[in-house]
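Q: Take a look at this one; I'll ask things after.
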Amino acid sequence: MLQSKLFPKTQKQAPRDEISANAQLLIRAGFIDKLMAGVYTFLPLGFRVLKKIENIIREEMVGAGGQEILMPALQPKENWDKTGRWETMNDLYRIKDARDKEFALGPTHEEIIFPFLKKTISSYKDLPVYVFQIQNKFRMELRAKSGLLRGREFLMKDFYSFHANENDRDRYYDLMIDIYKRVFARAGVGKETYFTFAPGGTFSKYSDEFQTVTEAGEDVVHICDKCRKAINNEIFREQRKCPQCGKSDFRKEKAIEVGNIFKLKNKFAEDFDLKFKDKDGHEKFVITACYGIGLGRLMGAVVEVNHDDKGIIWPEAVAPFRIHLLLLNNELRIKNKADELYKDLQKAKIEVLYDDRDDVSAGEKFAEADLIGIPYRVVVSEKTAAQNKLEIKKRNEAKARLITKKELLKYV
RNA sequence: CGGGCCGUAGUAUACCGGUAGUACGCAUGCUUUGGGAGCAUGUAGACUGGGUUCAAUUCCCAGCGGCCCGACCA
């Protein structure tokens, strides 16, 4: 990608009223644009990051046997009446069309997937079923906040598993815990993310969360460093010992919930009469669990955890590009070298953002490169050309060094 | 939803009951090119509605919007 064509430009100053690092940096660097509180447009750079995150999640979900589907955001009120959530869910968007017919904008999809399964499941032979989608959710947050961390419309991966018995469900649930850990490790927040014992909701007493430690977080967790397990502050009173090692040696931190998984009691199966005929000829309720990850929130958490005073420091797996190539001199012989390198990198299938602009000072290019935060910065200038080398610097390291093109292609 | 703070060019800000100023940006020209460059000339602005007043961007009220704290959050 040529930076001369990249849309939009970066900004020197963050909007005054944004406090959180993810909002400030992502807006300044041109990754996102705020339409209103909690609702964002993902611009070319931000969209690339979102897609990287999405693909990591998709790969892992498919690896777990999940089959991807896409359910509607526009949903009939009747489904929500059946579970009672039309009345009880505070943050449900309830809308009316011109005929006064009422609909929900989906905040989650139990009300859709359960009745669908009802049409297709009749025998234990039809189970288990693993389905997921990556789709925009709507929640009427009374207080959207902290950039991407709490939105009203946001991309979420929701995964639903359906089983013939609790053993099978529990086995699968444990597998999913490991898969979730892998997702967060790949996204670059593995070190800061803790598997957390947490309160449930209306339909189960407890749930499990994945909490990424950051000052911008809105939850408080108590961490057992020995086991890398945490307990959500909301249930710390009833659970004062580490579920793993039994000790009560905790570190208290603020954290953001990037993932939440829970075993469902029979609530939805009963509401939608989701039963199957077991081997023994008896009708039984299908046993289920749900697994969610907020993609935008995860992207925000990645920025909260990986930035400095100059800008974002993207982990390689989710960075919008791998190399940021800067041309610091407009002389044709030097520009030719950079152009050629750009082509070679593209040929090698290395994602590169090439700052080819001829009307921007070197200082500005450096400052923007730091702000945007692409992992490898490669400079072509008079200095490097004189030695027939390139300068390379990692965004998370202080020092640059000179290498040959051959070395570069091998290195990145 | 309760509390607090705040709405002035694209962005960040200043002043003011009587002609709204600065910086960045943007445009043009020249110079410059290893850390958000220099000079010159331009460009562009008071959230909405009501009230007070000879006069309101300024004061008052309401609405709308934003951020922060809290509550809420399958």
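Each chain in the structure tokens gets a letter, A, B and so on, in the order shown; residues start at 1 in every chain, and ligands are counted from 1 in the order they appear.
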Select all residues from chain B having any atom no more than 8 Å from an atom of chain A (counting only C-alpha atoms (C1' of nucleotides), ignoring ligands), output as a PDB file with C-alpha atoms (C1' of nucleotides), in the first residue's frame.
A:
ATOM      1  C1'   C B   1     -30.241   6.341  34.770  1.00  0.00           C
ATOM      2  C1'   U B  11      -8.254  19.641  14.938  1.00  0.00           C
ATOM      3  C1'   A B  12      -6.507  21.964  19.500  1.00  0.00           C
ATOM      4  C1'   C B  24      -1.798  23.034  13.503  1.00  0.00           C
ATOM      5  C1'   U B  33      14.279  16.973   3.645  1.00  0.00           C
ATOM      6  C1'   G B  34      17.249  11.735   9.514  1.00  0.00           C
ATOM      7  C1'   G B  35      12.487  13.182  14.301  1.00  0.00           C
ATOM      8  C1'   G B  36       5.532  16.255  13.315  1.00  0.00           C
ATOM      9  C1'   A B  37      10.393  22.140   8.789  1.00  0.00           C
ATOM     10  C1'   G B  66     -19.471  14.584  24.206  1.00  0.00           C
ATOM     11  C1'   C B  67     -16.123  12.953  28.112  1.00  0.00           C
ATOM     12  C1'   C B  72     -26.315  -1.098  35.033  1.00  0.00           C
ATOM     13  C1'   C B  73     -23.995  -4.973  31.939  1.00  0.00           C
ATOM     14  C1'   A B  74     -25.656 -13.487  29.181  1.00  0.00           C
TER      15        A B  74
END
Q: Fewer than 3 positions away in the same chain doesn't count, so skip those; otherwise give me all residues within 12 Å of A:Gly217, counting only C-alpha atoms (C1' of nucleotides), as a ChimeraX atom specification.
A: /A:20-22,145-150,192-193,211-214,220-221,253-258,297-298,300-302,304-305
Q: Where does DSSP see strand (DSSP E or B) in stretch 27-210 of chain A, if you list the residues as a VMD selection string?
A: chain A and resid 32 to 36 39 to 42 67 to 68 74 to 76 93 to 96 102 to 105 123 129 to 138 145 150 153 to 163 193 to 199 206 to 210
Q: Taking the DSSP assignment computed from this structure's backbone, write out as a VMD selection string all residues of stretch 328-409 of chain A that belong to alpha helix (DSSP H).
A: chain A and resid 332 to 347 362 to 372 382 to 386 405 to 409
Q: What is the distance between atom CA of A:Tyr354 and atom CA of A:Leu341, in Å to one decimal?
A: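 Atom-to-atom, atom CA of A:Tyr354 to atom CA of A:Leu341, that is 9.7 Å.
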Q: Show which residues sit within 9 Å of stretch 41-44 of chain B, as a list in words. Count only C-alpha atoms (C1' of nucleotides), and ignore same-chain residues fewer than 5 positions away.
A: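 Everything that qualifies: A9, G10, C26, A27, U28 and G29 of chain B.
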Q: Please produce an output containing N, CA, C and O atoms (P, O5', C5', C4', C3', O3' and C1' of nucleotides) for each residue in the selection, written as a PDB file, in the first residue's frame.
A:
ATOM      1  P     A B   9     -15.861  24.970  16.164  1.00  0.00           P
ATOM      2  O5'   A B   9     -14.968  25.560  14.988  1.00  0.00           O
ATOM      3  C5'   A B   9     -14.497  24.672  14.011  1.00  0.00           C
ATOM      4  C4'   A B   9     -14.413  25.364  12.693  1.00  0.00           C
ATOM      5  C3'   A B   9     -13.480  24.629  11.724  1.00  0.00           C
ATOM      6  O3'   A B   9     -14.087  24.519  10.448  1.00  0.00           O
ATOM      7  C1'   A B   9     -12.868  26.898  11.926  1.00  0.00           C
ATOM      8  P     G B  10     -15.141  23.309  10.256  1.00  0.00           P
ATOM      9  O5'   G B  10     -14.151  22.059  10.270  1.00  0.00           O
ATOM     10  C5'   G B  10     -14.662  20.733  10.127  1.00  0.00           C
ATOM     11  C4'   G B  10     -13.516  19.771  10.274  1.00  0.00           C
ATOM     12  C3'   G B  10     -12.821  19.823  11.628  1.00  0.00           C
ATOM     13  O3'   G B  10     -13.426  18.953  12.547  1.00  0.00           O
ATOM     14  C1'   G B  10     -11.221  20.050   9.910  1.00  0.00           C
ATOM     15  P     C B  26      -1.956  19.596   5.384  1.00  0.00           P
ATOM     16  O5'   C B  26      -3.111  20.392   4.634  1.00  0.00           O
ATOM     17  C5'   C B  26      -4.355  19.754   4.363  1.00  0.00           C
ATOM     18  C4'   C B  26      -5.311  20.741   3.746  1.00  0.00           C
ATOM     19  C3'   C B  26      -4.739  21.548   2.583  1.00  0.00           C
ATOM     20  O3'   C B  26      -4.791  20.813   1.370  1.00  0.00           O
ATOM     21  C1'   C B  26      -5.846  23.000   4.072  1.00  0.00           C
ATOM     22  P     A B  27      -3.600  20.974   0.342  1.00  0.00           P
ATOM     23  O5'   A B  27      -3.937  22.394  -0.295  1.00  0.00           O
ATOM     24  C5'   A B  27      -5.126  22.571  -1.062  1.00  0.00           C
ATOM     25  C4'   A B  27      -5.156  23.969  -1.611  1.00  0.00           C
ATOM     26  C3'   A B  27      -3.863  24.425  -2.261  1.00  0.00           C
ATOM     27  O3'   A B  27      -3.755  23.971  -3.595  1.00  0.00           O
ATOM     28  C1'   A B  27      -4.642  26.095  -0.797  1.00  0.00           C
ATOM     29  P     U B  28      -2.307  23.634  -4.174  1.00  0.00           P
ATOM     30  O5'   U B  28      -1.713  25.087  -4.435  1.00  0.00           O
ATOM     31  C5'   U B  28      -2.309  25.945  -5.398  1.00  0.00           C
ATOM     32  C4'   U B  28      -1.606  27.264  -5.402  1.00  0.00           C
ATOM     33  C3'   U B  28      -0.077  27.194  -5.422  1.00  0.00           C
ATOM     34  O3'   U B  28       0.442  26.949  -6.720  1.00  0.00           O
ATOM     35  C1'   U B  28      -0.761  28.765  -3.798  1.00  0.00           C
ATOM     36  P     G B  29       1.807  26.105  -6.851  1.00  0.00           P
ATOM     37  O5'   G B  29       2.902  27.209  -6.452  1.00  0.00           O
ATOM     38  C5'   G B  29       3.048  28.374  -7.244  1.00  0.00           C
ATOM     39  C4'   G B  29       3.973  29.340  -6.567  1.00  0.00           C
ATOM     40  C3'   G B  29       5.315  28.779  -6.135  1.00  0.00           C
ATOM     41  O3'   G B  29       6.224  28.659  -7.209  1.00  0.00           O
ATOM     42  C1'   G B  29       4.421  30.109  -4.400  1.00  0.00           C
TER      43        G B  29
END
Q: Taking 5 positions as the minimum chain separation for residues in the same chain, which residues sit within 10 Å of A:Ser123 when counting only C-alpha atoms (C1' of nucleotides)? Answer as a list in words.
A: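 With the cut-off at 10 Å, the set is Ala164, Lys275, Phe276, Lys277, Asp278, Lys279, Gly281, Glu283 and Lys284 of chain A.
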Q: Only all heavy atoms, please: the residues just picked out, written as a JSON list (two decimals), in the first residue's frame.
A:
[["chain", "number", "residue", "atom", "x", "y", "z"],
["A", 164, "ALA", "N", -25.42, -33.75, 24.00],
["A", 164, "ALA", "CA", -26.42, -34.71, 24.48],
["A", 164, "ALA", "C", -26.35, -34.89, 25.99],
["A", 164, "ALA", "O", -27.30, -35.35, 26.61],
["A", 164, "ALA", "CB", -26.24, -36.05, 23.77],
["A", 275, "LYS", "N", -35.38, -30.30, 22.54],
["A", 275, "LYS", "CA", -35.18, -31.64, 23.09],
["A", 275, "LYS", "C", -34.67, -32.59, 22.01],
["A", 275, "LYS", "O", -34.77, -32.29, 20.81],
["A", 275, "LYS", "CB", -36.50, -32.19, 23.62],
["A", 275, "LYS", "CG", -36.96, -31.54, 24.90],
["A", 275, "LYS", "CD", -38.28, -32.17, 25.31],
["A", 275, "LYS", "CE", -38.85, -31.51, 26.54],
["A", 275, "LYS", "NZ", -40.29, -31.75, 26.67],
["A", 276, "PHE", "N", -34.14, -33.70, 22.46],
["A", 276, "PHE", "CA", -33.73, -34.75, 21.50],
["A", 276, "PHE", "C", -34.07, -36.10, 22.12],
["A", 276, "PHE", "O", -34.29, -36.20, 23.34],
["A", 276, "PHE", "CB", -32.23, -34.65, 21.24],
["A", 276, "PHE", "CG", -31.39, -35.03, 22.44],
["A", 276, "PHE", "CD1", -30.81, -36.30, 22.54],
["A", 276, "PHE", "CD2", -31.18, -34.13, 23.47],
["A", 276, "PHE", "CE1", -30.05, -36.66, 23.65],
["A", 276, "PHE", "CE2", -30.42, -34.47, 24.58],
["A", 276, "PHE", "CZ", -29.86, -35.73, 24.67],
["A", 277, "LYS", "N", -34.14, -37.11, 21.29],
["A", 277, "LYS", "CA", -34.41, -38.45, 21.82],
["A", 277, "LYS", "C", -33.09, -39.17, 22.02],
["A", 277, "LYS", "O", -32.30, -39.34, 21.09],
["A", 277, "LYS", "CB", -35.32, -39.24, 20.87],
["A", 277, "LYS", "CG", -35.97, -40.43, 21.55],
["A", 277, "LYS", "CD", -37.22, -40.90, 20.83],
["A", 277, "LYS", "CE", -38.46, -40.13, 21.29],
["A", 277, "LYS", "NZ", -39.68, -40.59, 20.59],
["A", 278, "ASP", "N", -32.83, -39.56, 23.25],
["A", 278, "ASP", "CA", -31.55, -40.19, 23.59],
["A", 278, "ASP", "C", -31.59, -41.69, 23.24],
["A", 278, "ASP", "O", -32.65, -42.23, 22.92],
["A", 278, "ASP", "CB", -31.27, -39.99, 25.09],
["A", 278, "ASP", "CG", -29.77, -39.96, 25.37],
["A", 278, "ASP", "OD1", -28.98, -40.31, 24.45],
["A", 278, "ASP", "OD2", -29.39, -39.58, 26.48],
["A", 279, "LYS", "N", -30.42, -42.31, 23.37],
["A", 279, "LYS", "CA", -30.30, -43.76, 23.09],
["A", 279, "LYS", "C", -31.34, -44.57, 23.82],
["A", 279, "LYS", "O", -31.85, -45.58, 23.32],
["A", 279, "LYS", "CB", -28.92, -44.25, 23.55],
["A", 279, "LYS", "CG", -27.81, -43.92, 22.59],
["A", 279, "LYS", "CD", -26.48, -44.43, 23.15],
["A", 279, "LYS", "CE", -25.34, -43.82, 22.37],
["A", 279, "LYS", "NZ", -24.03, -44.08, 22.98],
["A", 281, "GLY", "N", -34.25, -43.86, 24.49],
["A", 281, "GLY", "CA", -35.61, -43.62, 24.05],
["A", 281, "GLY", "C", -36.31, -42.49, 24.77],
["A", 281, "GLY", "O", -37.44, -42.14, 24.45],
["A", 283, "GLU", "N", -36.91, -38.52, 25.91],
["A", 283, "GLU", "CA", -36.69, -37.15, 25.44],
["A", 283, "GLU", "C", -35.94, -36.38, 26.52],
["A", 283, "GLU", "O", -36.29, -36.44, 27.70],
["A", 283, "GLU", "CB", -38.04, -36.48, 25.18],
["A", 283, "GLU", "CG", -38.73, -36.98, 23.93],
["A", 283, "GLU", "CD", -39.30, -35.83, 23.13],
["A", 283, "GLU", "OE1", -39.99, -35.00, 23.73],
["A", 283, "GLU", "OE2", -39.03, -35.76, 21.91],
["A", 284, "LYS", "N", -34.91, -35.69, 26.09],
["A", 284, "LYS", "CA", -34.12, -34.91, 27.05],
["A", 284, "LYS", "C", -33.83, -33.54, 26.47],
["A", 284, "LYS", "O", -33.81, -33.35, 25.25],
["A", 284, "LYS", "CB", -32.79, -35.61, 27.33],
["A", 284, "LYS", "CG", -32.94, -36.94, 28.04],
["A", 284, "LYS", "CD", -31.60, -37.65, 28.21],
["A", 284, "LYS", "CE", -31.81, -39.01, 28.84],
["A", 284, "LYS", "NZ", -30.61, -39.86, 28.78]]
Q: Hey, which of B:G65, B:G21, B:G70, B:G45 ends up closest to B:G7? Count only C-alpha atoms (C1' of nucleotides).
A: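 Closest residue, counting only C-alpha atoms (C1' of nucleotides): B:G65.
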Q: Between atom CA of A:Arg152 and atom CA of A:Leu35, what is the distance in Å, rounded to a tenth?
A: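 So the answer is 11.3 Å.
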Q: Excluding A:Phe31 and its own-chain neighbours fewer than 4 positions away, which residues fall within 9 Å of it when counting only C-alpha atoms (C1' of nucleotides)? Please give them as a PyMOL selection string.
A: chain A and resi 8+10+25-27+41-49+372
Q: Tell me, as an MDAnalysis selection string, which residues lie within 10 Å of B:A20, counting only C-alpha atoms (C1' of nucleotides); anything in the same chain fewer than 5 positions away does not count.
A: chainID B and resid 8 14:15 45:46 57
Q: Do you know which residues are at most 12 Å from B:C61 counting only C-alpha atoms (C1' of nucleotides), after dropping those on the same chain fewer than 5 positions away, and could you put them as number ranges by chain?
A: B: 49-52
